[in-house]
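Visitor: Take a look at this one; I'll ask things after.
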Amino acid sequence: MRHIMAKSLAPTDSIRDYMAAQEKKSLLRFLTCGSVDDGKSTLIGRLLSDTKQIFEDQLAALEKDSRKHGTTGDDIDFALLVDGLEAEREQGITIDVAYRFFATPKRKFIVADTPGHEQYTRNMATGASTADLAIVLIDARQGVLRQTRRHSIIASLLGIRHIVLAVNKIDLVGFDKTVFDRIVADYDEFARELGFVSVVPIPMSARFGDNVTSRSERTPWYSGPSLIEHLETVSVDEAAVELPFRFPVQYVNRPNLDFRGFAGTVASGSVSQGDEVVVAKSGKASRVKRIVAQGGDLEQAVAGQAITLVLEDEVEVSRGNLLVSPAARPQVADQFAANIVWFDEQALLPGRSYILRTETDQVSATVTELKYRVNVNDFAHEAAKSLDINEVGVCNLSTRAPIAFDPFAENRTTGAFILIDRITNATVGAGMILHSLRRAENIHWQSLDVGKRGRSDLKNQRPAVFWFTGLSGSGKSTIANLFEKKLFASGRHTYILDGDNVRHGLNRDLGFTDADRVENIRRVAEVAKLMADAGLIVIVSFISPFSAERRMARELMAEGEFVEVFVDTPFEECARRDPKGLYARALSGEIKNFTGVDSPYEAPQNPEIHLKTLGRSPQEMAEALEHWLTERDIAEEQYDNGGGI
Amino acid sequence: MNIALTHLQRLEAESIHIFREVAASFSKPVMLYSVGKDSSVLMHLAMKAFYPAKPPFPFLHVDTTWKFREMIAFRDQMAQKLGFDLLVHVNEDGVREGINPFDHGSNTHTHVMKTVALRQALDKYGFDAAFGGARRDEEKSRAKERIFSFRNAQHAWDPKNQRPEMWKIFNTRIAPGESIRVFPLSNWTELDIWQYILQENIPIVPLYFAKERPVVERDGMLILKDDERMQLRPGEAVENRLVRFRTLGCYPLTGAIESEADTLEAIVGEMLTARTSERQGRLIDRDEAGSMEKKKREGYF
């Protein structure tokens, strides 16, 4: 009967012995990658099957699945074991990474089976980010392909130093040594620049098991190890414990006034009670008083351990900072260069603001310069204005506040970050820091004696930035013009920044691509900020189609200073009015990248002022705006005078 | 200097890191407590992660009203002993409609009393992150899931469009109404769980240990007759057999195994020679092909 468990064969003592032996085994995390249909999933199925990791009920389910979805005739289709999503089994492809676990008498393994399709490169990168070795599969009939190269470059960028080059389906080329040799030579030629420590080529048939767990008699010309032999013995020790001490503070544990512990995972090095440590961002020093753990304090902790540190002194430390060795400190900077792998359908645009996240820190960041894009075929450095999905490039970044880091090449934990889209919250890119940029260190803020408050008080007003956004022809300029006239008449100091006018001067070098639109807004937002600092009421009248840039502008200004005005006129009405004849030309294809026609407009979700223009006169709306400003100023005055501070 | 961490130390550190990341990044986390062995390990790790403080979040048990009685007793006893904040949620609509696994089948019962109940509880309290004890080695769609797994405002999982998850840098950002399911045990195997329970001496529900229990053989499974709500069908008889459970859920849907393993060592010994997976004893996974994935897309853990 199936519900009877096999009796335990071993007495209690030997179970304890067995466990002790298990505990001493090392762990290897690896991934399988390469192009579509090179046999990645099949190889993992083979590994799991040959190392006896597949249970009887799973095997029965697999046989059933193979009959339904299989692509291997009457044989079991091992790919169905790892392609765990319905869509994957139906389409016969791998979409996302699957993690599987197996062990041999010598080692434990976590394997990430990653997809080969270019569109799922982000999932391959996910699997690679935690791996120490990559098995790059190649179909012996196809040789080195574009995806083989792309995956090898990404593996290299993500810090993988060990490659197994699995020349698979060797049975389909008659176990021909010359085919194998030619592929190996091709790959070596290409991979020379990728900095791998070891590249071990193995001729293989994942489907039939040749050279997977044992050496095959059908490749007598091959004298190297089988795949399992190699995986069991390859040394990938990163020796993170040999590196300087790095402790990203993750969580401040403060259950009561008597206890303040800094919780986190030791990224590298080790720490002992009594050690001197330094707070990376402030340079303040203290000593480790206790390493707290349930069941008794620890004397020492090493890389990889999740611990709680108590310091001797009350130093200021919060999440996102690092505690480090005083002898070898990380870099602290707000401008640095990095390799970036881009994951998102929306291209990376220099000038656009993203959220940059390290293991525990989070800060606004923009790419200030895209230095070059890497061509995955020949490593050529190509000039580019944006990075598209699955592309790799080198960028300069600027963060709103300094972060503490090491170059990725020196420390995989403290040198990595991800980029997050501010609107969708999607993870849009991964970054590996190269080095800090000198110029950040040499430019400091000049402090000035006359301030914004003084300048605006002299004008007897509060600065504000009225940011008009809306389609071309929606009425922005007309309303802005009337609004300014009213303010002027009541003695206020104002300035209008108009999209068309600014494009004749400051922004005359910019076109209408997404990248240029982002830069257009960045510049005008910075100018508006300077004008607000001068005490002015600024009226910005720009289409500003992307919510990310409007948010960036908002965050540049002081609290309450940014007033988003959505001039909401339906597309049909704008096209009908067509004051400059542009819609007619855009709709006929004569003008490219026209907002609302072939370039998107992202309407504001929560504007301070929403002007639905249909049926309302510009005069009436300008009055409404003036009324809004008066109300705001009265409210703020009451707050100031009412002892509210 | 002895520097190499053991396998279990590495797993423990990874899980603790995940717990702390959630506590630092979310405003209202909760831990789903299902009373099984994985929940016991999860709870043990949560206590360690925040020591000397208590875990800064409540524990939620979604009670289908069909759990083994011993599970409920164990749950209440643990809550008292460890002093954590225990929330129990029952889908009262389902109770009123009399939804049960015998008349409505495992599919409907699980959907109404577990998946819908969970969604109700998450909405009621407004939790933005929920820990679960799922492991990637359990089932093939779970092998595909991220550690921080995004759910939209309808609690649905979109397996074809998961966020990349790089290194240990977790994207914890969500819009109002959205949430993240977090799986600190993602990289543990069933054997790791048992070895850790043995090493740390973690209390578990006694049903995991072999004992003479009254069981009925039904649909190829041994079902424990836990209370009077289970009616015998013609030809069925209650027998006392030496059995234990490898996994625990609703008693009418969970098969016992015949076993003599009455100590943790014996259970580990049994594991080493096991030829079937633990979820074999769970009726709900086998209702239809891809059934776990389907349930997860609807909001099941």
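Following the order of the structure tokens, chains are lettered A, B, ..., residues in each are numbered from 1, and ligands are numbered from 1.
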Chain A near chain B within 7 Å: what's each residue's closest atom pair and its distance in Å to one decimal, counting only C-alpha atoms, ordered by chain then ascending residue number, as a tab-separated table?

Guide:
residue	atom	partner	partner_atom	distance
A:His3	CA	B:Ile257	CA	5.0
A:Ile4	CA	B:Glu258	CA	4.8
A:Met5	CA	B:Ser259	CA	5.8
A:Ala6	CA	B:Ala274	CA	6.4
A:Lys7	CA	B:Glu270	CA	6.1
A:Ser8	CA	B:Glu270	CA	4.5
A:Leu9	CA	B:Gly269	CA	7.0
A:Ala10	CA	B:Gly269	CA	6.3
A:Thr12	CA	B:Glu265	CA	5.7
A:Ile15	CA	B:Gly269	CA	6.2
A:Glu23	CA	B:Thr6	CA	5.4
A:Lys24	CA	B:Thr6	CA	6.1
A:Phe55	CA	B:Thr276	CA	4.6
A:Glu56	CA	B:Thr276	CA	5.1
A:Asp57	CA	B:Thr276	CA	5.6
A:Val82	CA	B:Lys140	CA	6.5
A:Gly84	CA	B:Lys140	CA	4.5
A:Leu85	CA	B:Ser141	CA	5.7
A:Glu86	CA	B:Gly290	CA	6.1
A:Ile95	CA	B:Lys160	CA	6.9
A:Asp96	CA	B:Lys144	CA	6.6
A:Val97	CA	B:Lys144	CA	5.9
A:Ala98	CA	B:Lys144	CA	4.5
A:Tyr99	CA	B:Ala143	CA	5.3
A:Arg100	CA	B:Asp137	CA	6.6
A:Phe101	CA	B:Asp137	CA	6.9
A:Arg122	CA	B:Pro164	CA	5.9
A:Asn123	CA	B:Pro164	CA	6.0
A:Thr126	CA	B:Met166	CA	5.1
A:Ser129	CA	B:Trp167	CA	5.1
A:Thr130	CA	B:Trp167	CA	5.5
A:Gln250	CA	B:Glu21	CA	6.7
A:Tyr251	CA	B:Ala24	CA	5.7
A:Pro255	CA	B:Ala53	CA	5.3
A:Gly264	CA	B:His17	CA	6.8
A:Thr265	CA	B:His17	CA	6.5
A:Ala293	CA	B:Tyr51	CA	6.8
A:Gln294	CA	B:Lys48	CA	5.9
A:Val302	CA	B:Ile3	CA	6.6
A:Gly304	CA	B:Ala13	CA	6.9
A:Gln305	CA	B:Ala13	CA	5.4
A:Ala306	CA	B:Ala13	CA	4.9
A:Thr358	CA	B:Ile169	CA	6.2
A:Glu359	CA	B:Ile169	CA	4.6
A:Asn425	CA	B:Arg173	CA	5.9
A:Ala426	CA	B:Arg163	CA	6.6
A:Thr427	CA	B:Arg163	CA	6.0

Visitor: Would you output that residue set with N, CA and C atoms, as a short mmCIF file (atom, residue, chain, number, x, y, z; two decimals), in the first residue's frame?

Guide:
data_model
loop_
_atom_site.label_atom_id
_atom_site.label_comp_id
_atom_site.auth_asym_id
_atom_site.auth_seq_id
_atom_site.Cartn_x
_atom_site.Cartn_y
_atom_site.Cartn_z
N HIS A 3 0.52 4.15 1.39
CA HIS A 3 0.66 5.03 2.55
C HIS A 3 1.46 4.41 3.69
N ILE A 4 2.19 3.37 3.38
CA ILE A 4 3.06 2.80 4.41
C ILE A 4 4.46 3.37 4.24
N MET A 5 4.98 3.89 5.32
CA MET A 5 6.34 4.41 5.27
C MET A 5 7.32 3.26 5.40
N ALA A 6 8.41 3.38 4.65
CA ALA A 6 9.49 2.42 4.85
C ALA A 6 9.99 2.59 6.27
N LYS A 7 10.28 1.48 6.88
CA LYS A 7 10.78 1.54 8.25
C LYS A 7 12.17 2.14 8.26
N SER A 8 12.43 2.92 9.29
CA SER A 8 13.77 3.48 9.42
C SER A 8 14.76 2.35 9.60
N LEU A 9 15.79 2.35 8.78
CA LEU A 9 16.74 1.25 8.82
C LEU A 9 17.82 1.47 9.87
N ALA A 10 17.93 2.73 10.27
CA ALA A 10 19.08 3.04 11.11
C ALA A 10 18.66 3.31 12.54
N THR A 12 19.02 5.13 16.34
CA THR A 12 19.12 6.54 16.68
C THR A 12 20.54 7.10 16.59
N ILE A 15 21.65 7.96 13.22
CA ILE A 15 20.96 9.14 12.69
C ILE A 15 21.70 10.41 13.09
N GLU A 23 25.83 18.07 8.09
CA GLU A 23 26.09 19.45 8.47
C GLU A 23 27.42 19.94 7.93
N LYS A 24 28.36 19.01 7.77
CA LYS A 24 29.70 19.43 7.34
C LYS A 24 29.79 19.59 5.82
N PHE A 55 10.61 11.57 -5.99
CA PHE A 55 9.80 10.61 -5.25
C PHE A 55 8.87 9.87 -6.21
N GLU A 56 8.38 8.72 -5.71
CA GLU A 56 7.55 7.87 -6.57
C GLU A 56 6.30 8.59 -7.07
N ASP A 57 5.64 9.34 -6.15
CA ASP A 57 4.40 10.00 -6.58
C ASP A 57 4.69 11.11 -7.59
N VAL A 82 10.61 20.54 -13.88
CA VAL A 82 11.00 21.88 -13.41
C VAL A 82 10.13 22.99 -13.98
N GLY A 84 7.31 24.39 -13.80
CA GLY A 84 6.22 24.18 -12.85
C GLY A 84 4.98 25.01 -13.11
N LEU A 85 5.05 25.95 -14.03
CA LEU A 85 3.89 26.80 -14.28
C LEU A 85 3.07 26.24 -15.44
N GLU A 86 1.78 26.42 -15.35
CA GLU A 86 0.89 25.90 -16.38
C GLU A 86 1.28 26.41 -17.77
N ILE A 95 9.65 29.98 -18.41
CA ILE A 95 9.41 31.42 -18.29
C ILE A 95 10.18 31.98 -17.11
N ASP A 96 10.07 31.30 -15.97
CA ASP A 96 10.72 31.86 -14.78
C ASP A 96 11.67 30.84 -14.18
N VAL A 97 12.54 31.36 -13.30
CA VAL A 97 13.53 30.51 -12.69
C VAL A 97 12.87 29.57 -11.68
N ALA A 98 13.31 28.29 -11.68
CA ALA A 98 12.86 27.33 -10.67
C ALA A 98 14.06 26.95 -9.82
N TYR A 99 13.85 26.85 -8.53
CA TYR A 99 14.92 26.43 -7.64
C TYR A 99 14.69 24.99 -7.22
N ARG A 100 15.73 24.15 -7.41
CA ARG A 100 15.62 22.75 -6.98
C ARG A 100 16.80 22.42 -6.07
N PHE A 101 16.59 21.38 -5.27
CA PHE A 101 17.56 21.05 -4.23
C PHE A 101 17.95 19.60 -4.37
N ARG A 122 15.53 38.84 -17.33
CA ARG A 122 15.52 39.28 -15.93
C ARG A 122 15.41 38.08 -14.98
N ASN A 123 14.73 37.04 -15.41
CA ASN A 123 14.59 35.87 -14.55
C ASN A 123 15.87 35.04 -14.53
N THR A 126 18.00 36.90 -12.09
CA THR A 126 17.56 36.57 -10.73
C THR A 126 18.26 35.30 -10.25
N SER A 129 22.10 35.82 -9.69
CA SER A 129 22.59 36.74 -8.66
C SER A 129 23.01 36.02 -7.39
N THR A 130 22.46 34.84 -7.14
CA THR A 130 22.82 34.13 -5.91
C THR A 130 23.65 32.88 -6.19
N GLN A 250 20.27 46.63 9.31
CA GLN A 250 19.00 46.29 8.67
C GLN A 250 17.82 46.78 9.50
N TYR A 251 17.96 46.68 10.80
CA TYR A 251 16.81 46.90 11.68
C TYR A 251 17.34 47.30 13.04
N PRO A 255 13.39 47.30 22.04
CA PRO A 255 12.17 46.92 22.77
C PRO A 255 11.90 47.81 23.98
N GLY A 264 21.33 42.77 11.72
CA GLY A 264 21.70 42.69 10.31
C GLY A 264 22.47 41.41 10.05
N THR A 265 22.88 41.24 8.80
CA THR A 265 23.65 40.07 8.41
C THR A 265 25.06 40.52 8.06
N ALA A 293 22.47 37.03 21.10
CA ALA A 293 21.74 35.94 20.46
C ALA A 293 20.90 35.25 21.52
N GLN A 294 19.76 34.68 21.06
CA GLN A 294 18.92 33.92 21.97
C GLN A 294 19.76 32.74 22.46
N VAL A 302 30.73 35.82 12.00
CA VAL A 302 31.44 35.88 10.72
C VAL A 302 30.47 36.13 9.58
N GLY A 304 27.92 36.07 6.78
CA GLY A 304 26.80 35.16 6.56
C GLY A 304 25.90 35.00 7.77
N GLN A 305 26.38 35.37 8.95
CA GLN A 305 25.56 35.21 10.15
C GLN A 305 24.64 36.41 10.35
N ALA A 306 23.42 36.13 10.78
CA ALA A 306 22.45 37.20 11.08
C ALA A 306 22.53 37.45 12.58
N THR A 358 20.04 49.45 -2.04
CA THR A 358 21.10 48.49 -1.74
C THR A 358 20.50 47.49 -0.77
N GLU A 359 21.33 46.65 -0.16
CA GLU A 359 20.73 45.62 0.70
C GLU A 359 19.83 46.25 1.77
N ASN A 425 6.59 50.78 -9.13
CA ASN A 425 7.31 50.00 -8.12
C ASN A 425 7.95 48.73 -8.68
N ALA A 426 8.02 48.61 -9.99
CA ALA A 426 8.67 47.45 -10.59
C ALA A 426 10.19 47.54 -10.39
N THR A 427 10.84 46.38 -10.27
CA THR A 427 12.29 46.34 -10.23
C THR A 427 12.76 46.43 -11.68
#

Visitor: Between atom CA of Leu231 of chain A and atom CA of Val136 of chain A, measure the distance and give it in Å to one decimal.

Guide: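 For atom CA of Leu231 of chain A relative to atom CA of Val136 of chain A, the distance reads 13.5 Å.
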
Visitor: Can you list, as a PDB file with N, CA and C atoms, in the first residue's frame, every residue of segment 146-292 of chain B that DSSP puts in strand (DSSP E)?

Guide:
ATOM      1  N   PHE B 148      10.090  37.180  -1.785  1.00  0.00           N
ATOM      2  CA  PHE B 148       9.135  38.280  -1.606  1.00  0.00           C
ATOM      3  C   PHE B 148       8.214  38.247  -2.821  1.00  0.00           C
ATOM      4  N   SER B 149       7.002  37.763  -2.621  1.00  0.00           N
ATOM      5  CA  SER B 149       6.124  37.479  -3.749  1.00  0.00           C
ATOM      6  C   SER B 149       4.967  38.473  -3.775  1.00  0.00           C
ATOM      7  N   PHE B 150       4.933  39.243  -4.847  1.00  0.00           N
ATOM      8  CA  PHE B 150       3.987  40.361  -4.949  1.00  0.00           C
ATOM      9  C   PHE B 150       2.555  39.872  -5.165  1.00  0.00           C
ATOM     10  N   ARG B 151       1.604  40.523  -4.495  1.00  0.00           N
ATOM     11  CA  ARG B 151       0.176  40.264  -4.709  1.00  0.00           C
ATOM     12  C   ARG B 151      -0.523  41.572  -5.030  1.00  0.00           C
ATOM     13  N   SER B 179       0.023  43.860  -1.595  1.00  0.00           N
ATOM     14  CA  SER B 179       0.730  43.257  -0.471  1.00  0.00           C
ATOM     15  C   SER B 179       1.817  42.320  -0.986  1.00  0.00           C
ATOM     16  N   ILE B 180       2.620  41.848  -0.053  1.00  0.00           N
ATOM     17  CA  ILE B 180       3.694  40.909  -0.389  1.00  0.00           C
ATOM     18  C   ILE B 180       3.531  39.685   0.496  1.00  0.00           C
ATOM     19  N   ARG B 181       3.623  38.506  -0.122  1.00  0.00           N
ATOM     20  CA  ARG B 181       3.712  37.272   0.660  1.00  0.00           C
ATOM     21  C   ARG B 181       5.197  36.972   0.793  1.00  0.00           C
ATOM     22  N   VAL B 182       5.612  36.639   1.977  1.00  0.00           N
ATOM     23  CA  VAL B 182       7.035  36.454   2.228  1.00  0.00           C
ATOM     24  C   VAL B 182       7.287  35.039   2.736  1.00  0.00           C
ATOM     25  N   LYS B 211       1.472   6.703  16.716  1.00  0.00           N
ATOM     26  CA  LYS B 211       0.654   6.327  17.858  1.00  0.00           C
ATOM     27  C   LYS B 211      -0.529   5.531  17.311  1.00  0.00           C
ATOM     28  N   GLU B 212      -1.129   4.699  18.147  1.00  0.00           N
ATOM     29  CA  GLU B 212      -2.357   4.017  17.735  1.00  0.00           C
ATOM     30  C   GLU B 212      -3.470   5.051  17.609  1.00  0.00           C
ATOM     31  N   ARG B 213      -4.047   5.131  16.403  1.00  0.00           N
ATOM     32  CA  ARG B 213      -5.104   6.120  16.221  1.00  0.00           C
ATOM     33  C   ARG B 213      -6.254   5.496  15.422  1.00  0.00           C
ATOM     34  N   PRO B 214      -7.500   5.972  15.645  1.00  0.00           N
ATOM     35  CA  PRO B 214      -8.648   5.401  14.917  1.00  0.00           C
ATOM     36  C   PRO B 214      -8.706   5.960  13.493  1.00  0.00           C
ATOM     37  N   VAL B 215      -8.477   5.118  12.505  1.00  0.00           N
ATOM     38  CA  VAL B 215      -8.463   5.598  11.124  1.00  0.00           C
ATOM     39  C   VAL B 215      -9.431   4.823  10.248  1.00  0.00           C
ATOM     40  N   VAL B 216      -9.823   5.459   9.165  1.00  0.00           N
ATOM     41  CA  VAL B 216     -10.718   4.852   8.177  1.00  0.00           C
ATOM     42  C   VAL B 216      -9.995   4.883   6.842  1.00  0.00           C
ATOM     43  N   GLU B 217     -10.042   3.790   6.114  1.00  0.00           N
ATOM     44  CA  GLU B 217      -9.417   3.806   4.799  1.00  0.00           C
ATOM     45  C   GLU B 217     -10.431   4.323   3.781  1.00  0.00           C
ATOM     46  N   ARG B 218     -10.046   5.400   3.074  1.00  0.00           N
ATOM     47  CA  ARG B 218     -10.990   6.000   2.127  1.00  0.00           C
ATOM     48  C   ARG B 218     -10.206   6.582   0.956  1.00  0.00           C
ATOM     49  N   MET B 221      -6.555   6.595   1.056  1.00  0.00           N
ATOM     50  CA  MET B 221      -5.867   7.305   2.134  1.00  0.00           C
ATOM     51  C   MET B 221      -6.392   6.817   3.477  1.00  0.00           C
ATOM     52  N   LEU B 222      -5.562   6.983   4.507  1.00  0.00           N
ATOM     53  CA  LEU B 222      -5.984   6.655   5.864  1.00  0.00           C
ATOM     54  C   LEU B 222      -6.408   7.948   6.541  1.00  0.00           C
ATOM     55  N   ILE B 223      -7.709   8.080   6.803  1.00  0.00           N
ATOM     56  CA  ILE B 223      -8.228   9.317   7.381  1.00  0.00           C
ATOM     57  C   ILE B 223      -8.519   9.087   8.864  1.00  0.00           C
ATOM     58  N   LEU B 224      -8.008   9.983   9.684  1.00  0.00           N
ATOM     59  CA  LEU B 224      -8.254   9.888  11.117  1.00  0.00           C
ATOM     60  C   LEU B 224      -9.668  10.376  11.404  1.00  0.00           C
ATOM     61  N   GLU B 239     -10.554   1.503  12.281  1.00  0.00           N
ATOM     62  CA  GLU B 239      -9.561   0.571  12.821  1.00  0.00           C
ATOM     63  C   GLU B 239      -8.548   1.361  13.628  1.00  0.00           C
ATOM     64  N   ASN B 240      -8.019   0.757  14.663  1.00  0.00           N
ATOM     65  CA  ASN B 240      -6.907   1.392  15.353  1.00  0.00           C
ATOM     66  C   ASN B 240      -5.620   0.936  14.705  1.00  0.00           C
ATOM     67  N   ARG B 241      -4.858   1.881  14.176  1.00  0.00           N
ATOM     68  CA  ARG B 241      -3.582   1.523  13.550  1.00  0.00           C
ATOM     69  C   ARG B 241      -2.474   2.444  14.067  1.00  0.00           C
ATOM     70  N   LEU B 242      -1.265   1.928  13.980  1.00  0.00           N
ATOM     71  CA  LEU B 242      -0.112   2.715  14.402  1.00  0.00           C
ATOM     72  C   LEU B 242       0.238   3.660  13.244  1.00  0.00           C
ATOM     73  N   VAL B 243      -0.106   4.929  13.394  1.00  0.00           N
ATOM     74  CA  VAL B 243       0.082   5.874  12.289  1.00  0.00           C
ATOM     75  C   VAL B 243       0.651   7.195  12.809  1.00  0.00           C
ATOM     76  N   ARG B 244       1.141   7.969  11.835  1.00  0.00           N
ATOM     77  CA  ARG B 244       1.519   9.345  12.124  1.00  0.00           C
ATOM     78  C   ARG B 244       1.253  10.178  10.871  1.00  0.00           C
ATOM     79  N   ILE B 257       0.116   8.060   7.611  1.00  0.00           N
ATOM     80  CA  ILE B 257       0.961   6.979   7.113  1.00  0.00           C
ATOM     81  C   ILE B 257       1.198   5.991   8.236  1.00  0.00           C
ATOM     82  N   GLU B 258       1.289   4.723   7.886  1.00  0.00           N
ATOM     83  CA  GLU B 258       1.593   3.719   8.898  1.00  0.00           C
ATOM     84  C   GLU B 258       3.075   3.821   9.205  1.00  0.00           C
TER      85      GLU B 258
END

Visitor: When you count only C-alpha atoms, which of these residues is closest to Ala128 of chain A: A:Leu31, A:Leu43, A:Val241, A:Val376?

Guide: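 The closest residue to Ala128 of chain A is A:Leu31.
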
Visitor: For a test of reading the model, state the distance in Å between atom CA of Gln300 of chain A and atom CA of Ser282 of chain A, rounded to one decimal.

Guide: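 If I compute the distance from atom CA of Gln300 of chain A to atom CA of Ser282 of chain A, I get 24.8 Å.
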